[in-house]
Each structure stands twice: as C-alpha cells, then as structure tokens.
Amino acid sequence: MRRVHYRTDMTDERVDEYKKVNNLTDLEGVEVVQDKKENSTVTTVNVLNEKGEESLSKKIGSYITVDTNDIKYLEDEDENKLVNVISDEIKKLIGSKSKTNLDSVLVVGLGNEYITPDALGPKVVKNINITRHVINLTKSLASSNVRSVSAIMPGVLGTTGIETYEIVKSVVDKIKPDIVIAIDSLASSSMHRIGNTIQLSNTGITPGAGVRNKREGLNEETLNCPVIAIGVPTVVDMATITNEAIDKMVENTKREIRDLENIDDKNLEFFINFFSNEERYNMVANLLNSDSYILTPKEVDDLIEITSSIIGKSINLALDIV
C-alpha cells in the first residue's frame, strides 16, 4: 500500500484519499458510518486498530464530522437543529471517555485570536457559560447538579513564548478537571468544507498539525485526563486547491477519453495516470513555490463568528449549562 502524506485534519477526507491512492473500496481497521440528521450529514469514522491508525495517521478512536450547507445562511430554526445535533455528538463522546458523574470541565480555546482564521478557539470560549468561580464563591447557594465549567485561552507560542501544552498541562494539574474540551481551527483539502463542517473526536488534538506546525499533543496520555477535540476547517493550502482542480480536470478528461473511438487517442489516458497524486502535488507545490501559502475565504470573519457561536451553544447544551 502507498503511504499517504496528508494535508488535511479531516479524518473522513483522509479515508477517501487513502482509498483513492490505493484503489480500495474498504479500509482495513477503519469503520465509516454515515447518517442524515435534521439538516446535517453526520459521518463517523472509527479507527479500530493499529492498522487503521497507520493508514490514516490518526489515533485509535472516534472522529465525527457534521456537514451542513451554507452555514452562514442558516435560519434560526435550522441553526437550533444543528446545535442539537452537535450537542448530541458531544454527549456521546463525553460518555465514551469519562465517568458518568462529570462534575468539572475545562474548555480550552486554542489558536491566535488576532488572526481571524485561527481565532475559532478563543471565540468559542467567549460563548461558554463559565460556572466554576460562581460555584466556588457561593457553594452554599449553588445547585448540587451544576457542573463546574472553566475555560482558558492559552494563546500561541509566538505571542506568549510558552508552549500551549505547558500552559494547559499546568492548569489541568492545578484544577484537575474530569474532562478537557479543546477547540481549534483545522485544515481541509477542499474549499467547499471551509466553515461548513465541524469535526469532533475523543482522541485529543495536536495544535498546528494541519499547517505543518505541529506542537505537543493535548490528549489523555499527555494530560492524564480525557480530551474531547472540536474543530472547524478554516484554511486550505494553495497547492492542495490547485491539485484538487487538476484532479477534477483529469477525471473529466478520462471520461471523455473513454468515449473516444480512436484507440490511439486512448494512449492519452496512460499519460494522465502516469503521475501519482503525491507526485502531482509535489510538482504543483514546486511550480507555485507555495509550500508556505495557506488560503482562506474572504468571508472567514463571518464564518468564525457563526461557527464559534454554534459550537459554544452546543457545548453549553451538552453540559446542561444553558
């Protein structure tokens, strides 16, 4: 099997890419389930064993993507339906990773709030209903079923001089939450998914992985605490977009070639298939000199505002702190 060098954080995209590169219909060690819920499509990718982990370069666990169309044009009713869907998925992940009496939650907003495509995490934190300080100050007045919810925005290494992991680990060791919910911006391999897809997982997260700036991972092994990750794709690298356009052109050309009656013309198909997807990507990247160019849509500020609000409401609903 050909090893794939992924340029996306989206696990369902990795499944499709691996199967395409290796001409497979099924992927060993990986289970994919798709379901239609309300106005969304929910795709669950379960990485079952080391074989699936190796193929996708994703840890064993569950990865859920919630896709909706034109999220920035949702009416209030449709947005509420989407919030309910995401909230239900968060509850499932929490239930699979934590004890049933979930008393304390730490929400971590990853990213740089001064760079719009990377500001999702900090924006979500501002939409979370924080209760820990209230409970600590009014223990005798607080309801016994109110969860202690706290949140931090650790910033990025370039502005703080401190690794995100070091900050989060210090806070976790001090307040000892039952579970951590980490939110971050992600990278996709397709522009149409920017802002329209929300990914959740119970395996934690590695900040910066999608833009080739990997830091220490935030997961159960490093924090000694279950970590639920929530993210939205906000960027695509330039070479990936170009390569995607070439892929579509190649597929259309193949279809036209297959319809030709002149057998000599069909030699073109061999030429089109001559380069692998990886080789073609590298050629495009070299021609464009685009290894460091990351693209985002012009309406990304609106998308960040909308998705951060939806994720914040979903977390509040899942934790019963609405």
# chains A, B, ... in the order shown; residues from 1 in each chain; ligands from 1
>>> residues_around(residues="range 161-165 of chain A", least_positions_apart="5", cutoff="8 Å", atoms="only C-alpha atoms", output="PyMOL selection string")
chain A and resi 154-156+215-218
>>> closest_atom_pairs(of="range 212-243 of chain A", to="range 9-17 of chain A", cutoff="12 Å", atoms="only C-alpha atoms", output="Markdown table")
| residue | atom | partner | partner_atom | distance |
| --- | --- | --- | --- | --- |
| A:Arg212 | CA | A:Asp9 | CA | 10.6 |
| A:Lys214 | CA | A:Asp9 | CA | 11.7 |
| A:Ala229 | CA | A:Asp9 | CA | 11.8 |
| A:Ile230 | CA | A:Met10 | CA | 11.3 |
| A:Gly231 | CA | A:Asp9 | CA | 9.2 |
| A:Val232 | CA | A:Met10 | CA | 9.1 |
| A:Pro233 | CA | A:Asp9 | CA | 7.9 |
| A:Thr234 | CA | A:Asp9 | CA | 10.8 |
| A:Val235 | CA | A:Asp9 | CA | 10.4 |
| A:Val236 | CA | A:Asp9 | CA | 10.3 |
| A:Asp237 | CA | A:Asp9 | CA | 11.9 |
>>> write_last_selection(atoms="all heavy atoms", output="PDB file, in the first residue's frame")
ATOM      1  N   ARG A 212       1.337  22.203   9.154  1.00  0.00           N
ATOM      2  CA  ARG A 212       2.716  21.722   9.278  1.00  0.00           C
ATOM      3  C   ARG A 212       3.505  22.485  10.352  1.00  0.00           C
ATOM      4  O   ARG A 212       4.663  22.840  10.176  1.00  0.00           O
ATOM      5  CB  ARG A 212       3.432  21.803   7.918  1.00  0.00           C
ATOM      6  CG  ARG A 212       2.784  20.926   6.866  1.00  0.00           C
ATOM      7  CD  ARG A 212       3.476  21.049   5.531  1.00  0.00           C
ATOM      8  NE  ARG A 212       3.285  22.348   4.927  1.00  0.00           N
ATOM      9  CZ  ARG A 212       2.191  22.723   4.279  1.00  0.00           C
ATOM     10  NH1 ARG A 212       1.189  21.879   4.153  1.00  0.00           N
ATOM     11  NH2 ARG A 212       2.113  23.917   3.739  1.00  0.00           N
ATOM     12  N   LYS A 214       3.309  21.429  13.896  1.00  0.00           N
ATOM     13  CA  LYS A 214       2.861  20.571  14.991  1.00  0.00           C
ATOM     14  C   LYS A 214       3.530  20.920  16.310  1.00  0.00           C
ATOM     15  O   LYS A 214       4.738  21.122  16.373  1.00  0.00           O
ATOM     16  CB  LYS A 214       3.120  19.098  14.649  1.00  0.00           C
ATOM     17  CG  LYS A 214       2.307  18.575  13.498  1.00  0.00           C
ATOM     18  CD  LYS A 214       2.702  17.158  13.131  1.00  0.00           C
ATOM     19  CE  LYS A 214       2.357  16.186  14.238  1.00  0.00           C
ATOM     20  NZ  LYS A 214       2.587  14.781  13.813  1.00  0.00           N
ATOM     21  N   ALA A 229     -11.931  16.805  21.360  1.00  0.00           N
ATOM     22  CA  ALA A 229     -11.488  17.854  20.440  1.00  0.00           C
ATOM     23  C   ALA A 229     -12.628  18.254  19.509  1.00  0.00           C
ATOM     24  O   ALA A 229     -13.362  17.401  19.001  1.00  0.00           O
ATOM     25  CB  ALA A 229     -10.297  17.368  19.624  1.00  0.00           C
ATOM     26  N   ILE A 230     -12.770  19.554  19.297  1.00  0.00           N
ATOM     27  CA  ILE A 230     -13.769  20.085  18.374  1.00  0.00           C
ATOM     28  C   ILE A 230     -13.065  21.085  17.463  1.00  0.00           C
ATOM     29  O   ILE A 230     -12.313  21.945  17.937  1.00  0.00           O
ATOM     30  CB  ILE A 230     -14.923  20.788  19.117  1.00  0.00           C
ATOM     31  CG1 ILE A 230     -15.580  19.843  20.120  1.00  0.00           C
ATOM     32  CG2 ILE A 230     -15.961  21.312  18.119  1.00  0.00           C
ATOM     33  CD1 ILE A 230     -16.650  20.505  20.971  1.00  0.00           C
ATOM     34  N   GLY A 231     -13.296  20.967  16.164  1.00  0.00           N
ATOM     35  CA  GLY A 231     -12.632  21.882  15.240  1.00  0.00           C
ATOM     36  C   GLY A 231     -13.452  22.160  14.002  1.00  0.00           C
ATOM     37  O   GLY A 231     -14.368  21.404  13.655  1.00  0.00           O
ATOM     38  N   VAL A 232     -13.104  23.234  13.344  1.00  0.00           N
ATOM     39  CA  VAL A 232     -13.745  23.636  12.090  1.00  0.00           C
ATOM     40  C   VAL A 232     -12.647  23.947  11.081  1.00  0.00           C
ATOM     41  O   VAL A 232     -11.713  24.699  11.402  1.00  0.00           O
ATOM     42  CB  VAL A 232     -14.632  24.881  12.290  1.00  0.00           C
ATOM     43  CG1 VAL A 232     -15.188  25.371  10.951  1.00  0.00           C
ATOM     44  CG2 VAL A 232     -15.764  24.593  13.259  1.00  0.00           C
ATOM     45  N   PRO A 233     -12.708  23.397   9.870  1.00  0.00           N
ATOM     46  CA  PRO A 233     -11.703  23.755   8.856  1.00  0.00           C
ATOM     47  C   PRO A 233     -11.879  25.205   8.429  1.00  0.00           C
ATOM     48  O   PRO A 233     -12.971  25.631   8.068  1.00  0.00           O
ATOM     49  CB  PRO A 233     -11.985  22.776   7.711  1.00  0.00           C
ATOM     50  CG  PRO A 233     -13.406  22.360   7.895  1.00  0.00           C
ATOM     51  CD  PRO A 233     -13.669  22.400   9.364  1.00  0.00           C
ATOM     52  N   THR A 234     -10.789  25.952   8.493  1.00  0.00           N
ATOM     53  CA  THR A 234     -10.820  27.367   8.111  1.00  0.00           C
ATOM     54  C   THR A 234      -9.799  27.704   7.035  1.00  0.00           C
ATOM     55  O   THR A 234      -9.815  28.819   6.497  1.00  0.00           O
ATOM     56  CB  THR A 234     -10.553  28.269   9.335  1.00  0.00           C
ATOM     57  OG1 THR A 234      -9.259  27.961   9.870  1.00  0.00           O
ATOM     58  CG2 THR A 234     -11.609  28.061  10.405  1.00  0.00           C
ATOM     59  N   VAL A 235      -8.898  26.758   6.728  1.00  0.00           N
ATOM     60  CA  VAL A 235      -7.859  27.035   5.736  1.00  0.00           C
ATOM     61  C   VAL A 235      -7.611  25.820   4.845  1.00  0.00           C
ATOM     62  O   VAL A 235      -7.905  24.679   5.214  1.00  0.00           O
ATOM     63  CB  VAL A 235      -6.522  27.432   6.401  1.00  0.00           C
ATOM     64  CG1 VAL A 235      -6.661  28.735   7.167  1.00  0.00           C
ATOM     65  CG2 VAL A 235      -6.007  26.318   7.311  1.00  0.00           C
ATOM     66  N   VAL A 236      -7.070  26.100   3.660  1.00  0.00           N
ATOM     67  CA  VAL A 236      -6.594  25.079   2.729  1.00  0.00           C
ATOM     68  C   VAL A 236      -5.277  25.585   2.169  1.00  0.00           C
ATOM     69  O   VAL A 236      -5.153  26.781   1.873  1.00  0.00           O
ATOM     70  CB  VAL A 236      -7.589  24.844   1.569  1.00  0.00           C
ATOM     71  CG1 VAL A 236      -7.066  23.771   0.623  1.00  0.00           C
ATOM     72  CG2 VAL A 236      -8.960  24.468   2.090  1.00  0.00           C
ATOM     73  N   ASP A 237      -4.277  24.702   2.024  1.00  0.00           N
ATOM     74  CA  ASP A 237      -3.034  25.213   1.457  1.00  0.00           C
ATOM     75  C   ASP A 237      -3.156  25.326  -0.062  1.00  0.00           C
ATOM     76  O   ASP A 237      -3.915  24.608  -0.709  1.00  0.00           O
ATOM     77  CB  ASP A 237      -1.822  24.370   1.890  1.00  0.00           C
ATOM     78  CG  ASP A 237      -1.645  23.122   1.072  1.00  0.00           C
ATOM     79  OD1 ASP A 237      -1.020  23.231   0.021  1.00  0.00           O
ATOM     80  OD2 ASP A 237      -2.109  22.051   1.497  1.00  0.00           O
TER      81      ASP A 237
END
>>> residues_around(residues="Met238 in chain A", least_positions_apart="3", cutoff="7 Å", atoms="only C-alpha atoms", output="PyMOL selection string")
chain A and resi 241-242+290+293-295
>>> write_last_selection(atoms="N, CA, C and O atoms", output="PDB file, in the first residue's frame")
ATOM      1  N   ILE A 241      -5.434  23.153  -3.200  1.00  0.00           N
ATOM      2  CA  ILE A 241      -6.529  23.674  -4.026  1.00  0.00           C
ATOM      3  C   ILE A 241      -6.221  23.465  -5.506  1.00  0.00           C
ATOM      4  O   ILE A 241      -7.064  23.012  -6.282  1.00  0.00           O
ATOM      5  N   THR A 242      -5.003  23.803  -5.901  1.00  0.00           N
ATOM      6  CA  THR A 242      -4.608  23.647  -7.301  1.00  0.00           C
ATOM      7  C   THR A 242      -4.656  22.187  -7.717  1.00  0.00           C
ATOM      8  O   THR A 242      -5.138  21.842  -8.805  1.00  0.00           O
ATOM      9  N   SER A 290       4.671  27.318  -3.339  1.00  0.00           N
ATOM     10  CA  SER A 290       3.574  27.671  -2.443  1.00  0.00           C
ATOM     11  C   SER A 290       3.552  26.899  -1.143  1.00  0.00           C
ATOM     12  O   SER A 290       2.531  26.840  -0.486  1.00  0.00           O
ATOM     13  N   TYR A 293       2.052  28.953   1.640  1.00  0.00           N
ATOM     14  CA  TYR A 293       0.848  29.747   1.412  1.00  0.00           C
ATOM     15  C   TYR A 293      -0.396  28.984   1.872  1.00  0.00           C
ATOM     16  O   TYR A 293      -0.682  27.892   1.381  1.00  0.00           O
ATOM     17  N   ILE A 294      -1.116  29.573   2.803  1.00  0.00           N
ATOM     18  CA  ILE A 294      -2.356  28.989   3.302  1.00  0.00           C
ATOM     19  C   ILE A 294      -3.487  29.937   2.931  1.00  0.00           C
ATOM     20  O   ILE A 294      -3.432  31.140   3.207  1.00  0.00           O
ATOM     21  N   LEU A 295      -4.551  29.396   2.319  1.00  0.00           N
ATOM     22  CA  LEU A 295      -5.647  30.225   1.829  1.00  0.00           C
ATOM     23  C   LEU A 295      -6.897  30.067   2.689  1.00  0.00           C
ATOM     24  O   LEU A 295      -7.158  29.008   3.252  1.00  0.00           O
TER      25      LEU A 295
END
>>> residues_around(residues="range 124-128 of chain A", least_positions_apart="5", cutoff="8 Å", atoms="only C-alpha atoms", output="JSON, numbers by chain")
{"A": [107, 108, 109, 151, 152, 153, 183, 308, 309, 311, 312, 313, 315, 316]}
>>> atom_distance(atom1="CA of Val172 in chain A", atom2="CA of Val105 in chain A")
10.0 Å
>>> closest_residue(among="A:Ile198, A:Ala187, A:Glu89, A:Ile321", to="Ser150 in chain A", atoms="only C-alpha atoms")
A:Ile321
>>> select_by_dssp(residues="range 4-234 of chain A", states="helix (DSSP H, G or I)", output="number ranges by chain")
A: 11-21, 50-56, 71-73, 76-97, 116-118, 120-125, 132-137, 157-160, 164-175, 191-193, 209-211, 220-223
>>> closest_residue(among="A:Ser185, A:Asp67, A:Asp78, A:Thr44", to="Gly111 in chain A", atoms="only C-alpha atoms")
A:Ser185
>>> closest_residue(among="A:Leu106, A:Leu93, A:Ala318, A:Lys176", to="Ile130 in chain A", atoms="only C-alpha atoms")
A:Leu106
>>> atom_distance(atom1="CA of Asn84 in chain A", atom2="CA of Asp184 in chain A")
20.4 Å
